[in-house]
$ cat run36.pdb   # PDB, C-alpha atoms and all ligand atoms
ATOM      1  CA  ALA A   1     181.806 150.316-149.895  1.00  0.00           C
ATOM      2  CA  VAL A   2     183.386 148.324-147.092  1.00  0.00           C
ATOM      3  CA  GLU A   3     183.607 150.577-144.030  1.00  0.00           C
ATOM      4  CA  ARG A   4     184.565 150.387-140.381  1.00  0.00           C
ATOM      5  CA  THR A   5     182.625 151.804-137.454  1.00  0.00           C
ATOM      6  CA  LEU A   6     183.268 152.123-133.720  1.00  0.00           C
ATOM      7  CA  SER A   7     180.864 150.276-131.442  1.00  0.00           C
ATOM      8  CA  ILE A   8     180.641 150.338-127.642  1.00  0.00           C
ATOM      9  CA  LEU A   9     178.713 147.841-125.537  1.00  0.00           C
ATOM     10  CA  LYS A  10     177.761 150.045-122.588  1.00  0.00           C
ATOM     11  CA  PRO A  11     177.855 149.251-118.834  1.00  0.00           C
ATOM     12  CA  ASP A  12     174.169 148.248-118.724  1.00  0.00           C
ATOM     13  CA  ALA A  13     174.929 145.563-121.337  1.00  0.00           C
ATOM     14  CA  THR A  14     178.075 144.172-119.672  1.00  0.00           C
ATOM     15  CA  ARG A  15     176.314 144.192-116.282  1.00  0.00           C
ATOM     16  CA  ARG A  16     173.547 141.954-117.664  1.00  0.00           C
ATOM     17  CA  ASN A  17     176.019 139.653-119.473  1.00  0.00           C
ATOM     18  CA  LEU A  18     174.631 140.580-122.890  1.00  0.00           C
ATOM     19  CA  THR A  19     177.886 140.892-124.857  1.00  0.00           C
ATOM     20  CA  GLY A  20     177.412 137.589-126.693  1.00  0.00           C
ATOM     21  CA  LYS A  21     173.774 138.234-127.581  1.00  0.00           C
ATOM     22  CA  ILE A  22     174.603 141.698-128.908  1.00  0.00           C
ATOM     23  CA  ASN A  23     177.640 140.472-130.853  1.00  0.00           C
ATOM     24  CA  ALA A  24     175.426 137.795-132.443  1.00  0.00           C
ATOM     25  CA  LYS A  25     173.178 140.577-133.813  1.00  0.00           C
ATOM     26  CA  PHE A  26     176.160 142.255-135.481  1.00  0.00           C
ATOM     27  CA  GLU A  27     177.458 139.008-136.945  1.00  0.00           C
ATOM     28  CA  GLU A  28     174.044 137.837-138.153  1.00  0.00           C
ATOM     29  CA  ALA A  29     173.688 141.146-140.007  1.00  0.00           C
ATOM     30  CA  GLY A  30     177.004 140.582-141.780  1.00  0.00           C
ATOM     31  CA  LEU A  31     179.250 142.856-139.731  1.00  0.00           C
ATOM     32  CA  ARG A  32     182.622 141.428-138.703  1.00  0.00           C
ATOM     33  CA  ILE A  33     184.186 142.239-135.304  1.00  0.00           C
ATOM     34  CA  VAL A  34     187.743 143.075-136.428  1.00  0.00           C
ATOM     35  CA  ALA A  35     188.888 144.459-133.039  1.00  0.00           C
ATOM     36  CA  GLN A  36     187.483 144.202-129.531  1.00  0.00           C
ATOM     37  CA  LYS A  37     188.539 144.913-125.942  1.00  0.00           C
ATOM     38  CA  ARG A  38     186.955 145.277-122.521  1.00  0.00           C
ATOM     39  CA  LEU A  39     187.800 148.468-120.614  1.00  0.00           C
ATOM     40  CA  HIS A  40     186.702 150.321-117.518  1.00  0.00           C
ATOM     41  CA  LEU A  41     186.753 153.946-118.687  1.00  0.00           C
ATOM     42  CA  SER A  42     188.023 156.698-116.409  1.00  0.00           C
ATOM     43  CA  GLU A  43     186.057 159.920-116.124  1.00  0.00           C
ATOM     44  CA  ALA A  44     188.693 161.676-118.215  1.00  0.00           C
ATOM     45  CA  GLN A  45     188.472 159.042-120.950  1.00  0.00           C
ATOM     46  CA  ALA A  46     184.653 159.004-121.094  1.00  0.00           C
ATOM     47  CA  GLY A  47     184.562 162.815-120.943  1.00  0.00           C
ATOM     48  CA  ALA A  48     187.020 163.070-123.837  1.00  0.00           C
ATOM     49  CA  PHE A  49     185.182 160.488-125.930  1.00  0.00           C
ATOM     50  CA  TYR A  50     181.876 162.361-125.512  1.00  0.00           C
ATOM     51  CA  ALA A  51     183.438 165.864-125.718  1.00  0.00           C
ATOM     52  CA  VAL A  52     181.047 166.780-128.585  1.00  0.00           C
ATOM     53  CA  HIS A  53     178.184 166.541-126.076  1.00  0.00           C
ATOM     54  CA  LYS A  54     179.907 168.688-123.418  1.00  0.00           C
ATOM     55  CA  GLU A  55     177.285 171.451-123.565  1.00  0.00           C
ATOM     56  CA  ARG A  56     174.299 169.061-123.504  1.00  0.00           C
ATOM     57  CA  PRO A  57     172.261 168.807-120.284  1.00  0.00           C
ATOM     58  CA  PHE A  58     172.828 165.031-120.104  1.00  0.00           C
ATOM     59  CA  TYR A  59     176.633 165.186-120.415  1.00  0.00           C
ATOM     60  CA  LYS A  60     177.484 164.773-116.732  1.00  0.00           C
ATOM     61  CA  ASP A  61     175.108 161.848-116.247  1.00  0.00           C
ATOM     62  CA  LEU A  62     176.338 160.273-119.478  1.00  0.00           C
ATOM     63  CA  VAL A  63     179.973 160.360-118.315  1.00  0.00           C
ATOM     64  CA  SER A  64     178.985 159.026-114.913  1.00  0.00           C
ATOM     65  CA  PHE A  65     176.996 156.176-116.492  1.00  0.00           C
ATOM     66  CA  MET A  66     179.752 155.279-118.964  1.00  0.00           C
ATOM     67  CA  THR A  67     182.235 154.942-116.076  1.00  0.00           C
ATOM     68  CA  SER A  68     179.840 152.940-113.870  1.00  0.00           C
ATOM     69  CA  GLY A  69     181.112 149.568-115.104  1.00  0.00           C
ATOM     70  CA  PRO A  70     183.070 147.862-117.864  1.00  0.00           C
ATOM     71  CA  VAL A  71     182.437 148.576-121.532  1.00  0.00           C
ATOM     72  CA  VAL A  72     183.431 146.570-124.600  1.00  0.00           C
ATOM     73  CA  VAL A  73     184.822 148.706-127.424  1.00  0.00           C
ATOM     74  CA  GLN A  74     184.903 147.197-130.880  1.00  0.00           C
ATOM     75  CA  VAL A  75     185.545 147.911-134.525  1.00  0.00           C
ATOM     76  CA  LEU A  76     182.868 146.507-136.847  1.00  0.00           C
ATOM     77  CA  GLU A  77     183.657 146.062-140.520  1.00  0.00           C
ATOM     78  CA  GLY A  78     181.374 145.460-143.487  1.00  0.00           C
ATOM     79  CA  GLU A  79     179.469 146.895-146.415  1.00  0.00           C
ATOM     80  CA  ASN A  80     178.040 150.284-145.290  1.00  0.00           C
ATOM     81  CA  ALA A  81     179.056 149.445-141.718  1.00  0.00           C
ATOM     82  CA  VAL A  82     178.221 152.872-140.239  1.00  0.00           C
ATOM     83  CA  ALA A  83     174.608 152.949-141.461  1.00  0.00           C
ATOM     84  CA  LYS A  84     174.112 149.209-141.051  1.00  0.00           C
ATOM     85  CA  ASN A  85     175.203 149.333-137.420  1.00  0.00           C
ATOM     86  CA  ARG A  86     172.816 152.220-136.745  1.00  0.00           C
ATOM     87  CA  GLU A  87     170.002 150.139-138.220  1.00  0.00           C
ATOM     88  CA  ILE A  88     170.882 147.142-136.047  1.00  0.00           C
ATOM     89  CA  MET A  89     171.094 149.351-132.919  1.00  0.00           C
ATOM     90  CA  GLY A  90     167.763 151.124-133.452  1.00  0.00           C
ATOM     91  CA  ALA A  91     166.771 154.598-132.271  1.00  0.00           C
ATOM     92  CA  THR A  92     168.707 156.233-129.397  1.00  0.00           C
ATOM     93  CA  ASN A  93     165.573 156.200-127.258  1.00  0.00           C
ATOM     94  CA  PRO A  94     164.447 152.567-126.901  1.00  0.00           C
ATOM     95  CA  ALA A  95     160.839 153.797-126.804  1.00  0.00           C
ATOM     96  CA  ASN A  96     161.276 154.731-130.481  1.00  0.00           C
ATOM     97  CA  ALA A  97     163.385 151.724-131.526  1.00  0.00           C
ATOM     98  CA  ALA A  98     162.039 149.323-134.155  1.00  0.00           C
ATOM     99  CA  PRO A  99     161.270 145.683-133.307  1.00  0.00           C
ATOM    100  CA  GLY A 100     164.284 143.380-133.555  1.00  0.00           C
ATOM    101  CA  THR A 101     166.830 146.131-132.911  1.00  0.00           C
ATOM    102  CA  ILE A 102     169.338 145.902-130.054  1.00  0.00           C
ATOM    103  CA  ARG A 103     167.895 148.900-128.235  1.00  0.00           C
ATOM    104  CA  LYS A 104     164.319 147.641-128.563  1.00  0.00           C
ATOM    105  CA  GLU A 105     165.280 144.240-127.166  1.00  0.00           C
ATOM    106  CA  PHE A 106     167.845 145.217-124.548  1.00  0.00           C
ATOM    107  CA  ALA A 107     168.020 148.941-123.723  1.00  0.00           C
ATOM    108  CA  GLU A 108     166.787 150.077-120.314  1.00  0.00           C
ATOM    109  CA  SER A 109     166.459 153.834-121.037  1.00  0.00           C
ATOM    110  CA  ILE A 110     167.718 156.596-123.348  1.00  0.00           C
ATOM    111  CA  GLU A 111     170.861 156.739-121.205  1.00  0.00           C
ATOM    112  CA  ALA A 112     171.341 153.025-120.479  1.00  0.00           C
ATOM    113  CA  ASN A 113     170.742 152.182-124.127  1.00  0.00           C
ATOM    114  CA  SER A 114     173.186 149.258-124.343  1.00  0.00           C
ATOM    115  CA  VAL A 115     175.223 150.357-127.373  1.00  0.00           C
ATOM    116  CA  HIS A 116     176.960 153.284-129.016  1.00  0.00           C
ATOM    117  CA  GLY A 117     177.733 153.455-132.734  1.00  0.00           C
ATOM    118  CA  SER A 118     179.528 156.100-134.776  1.00  0.00           C
ATOM    119  CA  ASP A 119     177.116 158.423-136.618  1.00  0.00           C
ATOM    120  CA  SER A 120     179.232 159.069-139.732  1.00  0.00           C
ATOM    121  CA  ALA A 121     182.260 157.666-141.534  1.00  0.00           C
ATOM    122  CA  GLU A 122     184.217 160.747-140.519  1.00  0.00           C
ATOM    123  CA  ASN A 123     183.415 160.297-136.816  1.00  0.00           C
ATOM    124  CA  ALA A 124     184.028 156.559-137.103  1.00  0.00           C
ATOM    125  CA  ALA A 125     187.642 157.220-138.086  1.00  0.00           C
ATOM    126  CA  ILE A 126     188.085 159.606-135.136  1.00  0.00           C
ATOM    127  CA  GLU A 127     186.403 157.251-132.647  1.00  0.00           C
ATOM    128  CA  ILE A 128     188.314 154.164-133.847  1.00  0.00           C
ATOM    129  CA  ALA A 129     191.613 156.041-133.475  1.00  0.00           C
ATOM    130  CA  PHE A 130     190.557 157.080-129.946  1.00  0.00           C
ATOM    131  CA  PHE A 131     190.513 153.443-128.764  1.00  0.00           C
ATOM    132  CA  PHE A 132     192.618 151.361-131.170  1.00  0.00           C
ATOM    133  CA  SER A 133     196.026 151.412-132.805  1.00  0.00           C
ATOM    134  CA  GLY A 134     196.472 150.001-136.289  1.00  0.00           C
ATOM    135  CA  ILE A 135     197.965 146.685-135.184  1.00  0.00           C
ATOM    136  CA  GLU A 136     194.963 145.955-132.932  1.00  0.00           C
ATOM    137  CA  ILE A 137     192.579 145.914-135.923  1.00  0.00           C
ATOM    138  CA  VAL A 138     192.685 142.658-137.851  1.00  0.00           C
ATOM    139  CA  GLY A 139     190.420 142.677-140.887  1.00  0.00           C
TER     140      GLY A 139
HETATM  141  P1  LIG B   1     175.280 157.586-127.762  1.00  0.00           P
HETATM  142  O1  LIG B   1     175.101 157.098-129.167  1.00  0.00           O
HETATM  143  O2  LIG B   1     176.292 156.866-126.953  1.00  0.00           O
HETATM  144  O3  LIG B   1     175.661 159.144-127.790  1.00  0.00           O
HETATM  145  C1  LIG B   1     175.355 160.012-126.710  1.00  0.00           C
HETATM  146  C2  LIG B   1     174.543 159.354-125.663  1.00  0.00           C
HETATM  147  O4  LIG B   1     173.925 160.213-124.727  1.00  0.00           O
HETATM  148  C3  LIG B   1     173.391 158.637-126.304  1.00  0.00           C
HETATM  149  O5  LIG B   1     173.885 157.495-127.002  1.00  0.00           O
HETATM  150  C4  LIG B   1     172.492 158.360-125.101  1.00  0.00           C
HETATM  151  O6  LIG B   1     172.771 157.127-124.472  1.00  0.00           O
HETATM  152  C5  LIG B   1     172.884 159.466-124.116  1.00  0.00           C
HETATM  153  N1  LIG B   1     171.765 160.316-123.763  1.00  0.00           N
HETATM  154  C6  LIG B   1     171.290 160.490-122.532  1.00  0.00           C
HETATM  155  N2  LIG B   1     170.264 161.323-122.536  1.00  0.00           N
HETATM  156  C7  LIG B   1     170.062 161.706-123.819  1.00  0.00           C
HETATM  157  C8  LIG B   1     169.130 162.571-124.465  1.00  0.00           C
HETATM  158  N3  LIG B   1     168.186 163.234-123.789  1.00  0.00           N
HETATM  159  N4  LIG B   1     169.227 162.721-125.813  1.00  0.00           N
HETATM  160  C9  LIG B   1     170.194 162.053-126.518  1.00  0.00           C
HETATM  161  N5  LIG B   1     171.106 161.229-125.936  1.00  0.00           N
HETATM  162  C10 LIG B   1     171.029 161.058-124.608  1.00  0.00           C
END
$ encode --input "run36.pdb" --output "structure tokens" --more "lines below"
Ligand code: CMP
Amino acid sequence: AVERTLSILKPDATRRNLTGKINAKFEEAGLRIVAQKRLHLSEAQAGAFYAVHKERPFYKDLVSFMTSGPVVVQVLEGENAVAKNREIMGATNPANAAPGTIRKEFAESIEANSVHGSDSAENAAIEIAFFFSGIEIVG
């Protein structure tokens, strides 16, 4: 089925001017960027977005990293978009990411891993609503 998923190009990617190269990966794989904006997240915003990880040991560093520079938040649309985007991104830890994936090619570390993607259709809906209103998404 055609789905939507929330994608974030993280500060390590914007810092190295990789937004075009990463977007090309999504488009070449058949995902369409139906909404996109560049933001500098506040601590409150990043903390709220990653609230599910609040008890994890890496939470504080994660929030600090995600506020260290601009991010690009996007909605990707396509057949099986949630799973397809996770395939294109590769494993969370770039050391385990398959060849050709975004994280294998671009990620610097498990924290500075260039991209975020929703992990389920249910979370995709929540994460898309966190950043975008209906009129900002043009399918
Ligand atoms: P993301 O998909 O954005 O969701 C949570 C993020 O926490 C994850 O990608 C990683 O970038 C980051 N992170 C940092 N350290 C770890 C860790 N040890 N295990 C999992 N995620 C981590």
$ residues_near_ligand --input "run36.pdb" --ligand "ligand LIG 1 (chain B)" --cutoff "9 Å" --atoms "only C-alpha atoms and all ligand atoms" --output "PyMOL selection string"
chain A and resi 8+10+50+53+56-59+61-63+66+92-93+109-119
$ resolve_selection --input "run36.pdb" --expression "the PyMOL selection byres (((chain A and resi 2) around 9) and not hetatm)" --output "list of chain:residue names"
A:Ala1, A:Glu3, A:Arg4, A:Glu77, A:Gly78, A:Glu79, A:Asn80, A:Ala81
$ atom_distance --input "run36.pdb" --atom1 "CA of Leu76 (chain A)" --atom2 "CA of Leu41 (chain A)"
20.0 Å
$ resolve_selection --input "run36.pdb" --expression "the PyMOL selection byres (((chain A and resi 7) around 12) and not hetatm)" --output "number ranges by chain"
A: 4-6, 8-10, 19, 22-23, 26, 31-38, 71-77, 81-82, 84-86, 88-89, 114-119, 123-125, 127-128, 130-132
$ residues_around --input "run36.pdb" --residues "Pro70 (chain A)" --least-positions-apart "5" --cutoff "6 Å" --atoms "all atoms listed in the file" --output "list in words"
Pro11, Leu39 and His40 of chain A
$ atom_distance --input "run36.pdb" --atom1 "CA of Arg103 (chain A)" --atom2 "CA of Ala91 (chain A)"
7.1 Å
$ atom_distance --input "run36.pdb" --atom1 "CA of Ala95 (chain A)" --atom2 "CA of Ile126 (chain A)"
29.1 Å
$ axis_aligned_box --input "run36.pdb" --around "region 65-74 of chain A" --padding-each-side "3 Å" --output "AutoDock Vina command-line options"
--center_x 180.9 --center_y 151.4 --center_z -122.4 --size_x 13.9 --size_y 15.6 --size_z 23.0
$ residues_around --input "run36.pdb" --residues "Glu105 (chain A)" --least-positions-apart "3" --cutoff "10 Å" --atoms "all atoms listed in the file" --output "PDB file with C-alpha atoms, in the frame of the given file"
ATOM      1  CA  ILE A  22     174.603 141.698-128.908  1.00  0.00           C
ATOM      2  CA  MET A  89     171.094 149.351-132.919  1.00  0.00           C
ATOM      3  CA  GLY A  90     167.763 151.124-133.452  1.00  0.00           C
ATOM      4  CA  PRO A  94     164.447 152.567-126.901  1.00  0.00           C
ATOM      5  CA  ALA A  97     163.385 151.724-131.526  1.00  0.00           C
ATOM      6  CA  ALA A  98     162.039 149.323-134.155  1.00  0.00           C
ATOM      7  CA  PRO A  99     161.270 145.683-133.307  1.00  0.00           C
ATOM      8  CA  GLY A 100     164.284 143.380-133.555  1.00  0.00           C
ATOM      9  CA  THR A 101     166.830 146.131-132.911  1.00  0.00           C
ATOM     10  CA  ILE A 102     169.338 145.902-130.054  1.00  0.00           C
ATOM     11  CA  GLU A 108     166.787 150.077-120.314  1.00  0.00           C
ATOM     12  CA  SER A 114     173.186 149.258-124.343  1.00  0.00           C
TER      13      SER A 114
END
$ closest_residue --input "run36.pdb" --among "A:Phe49, A:Arg15, A:Glu55, A:Ala107" --to "Ala129 (chain A)" --atoms "all atoms listed in the file"
A:Phe49
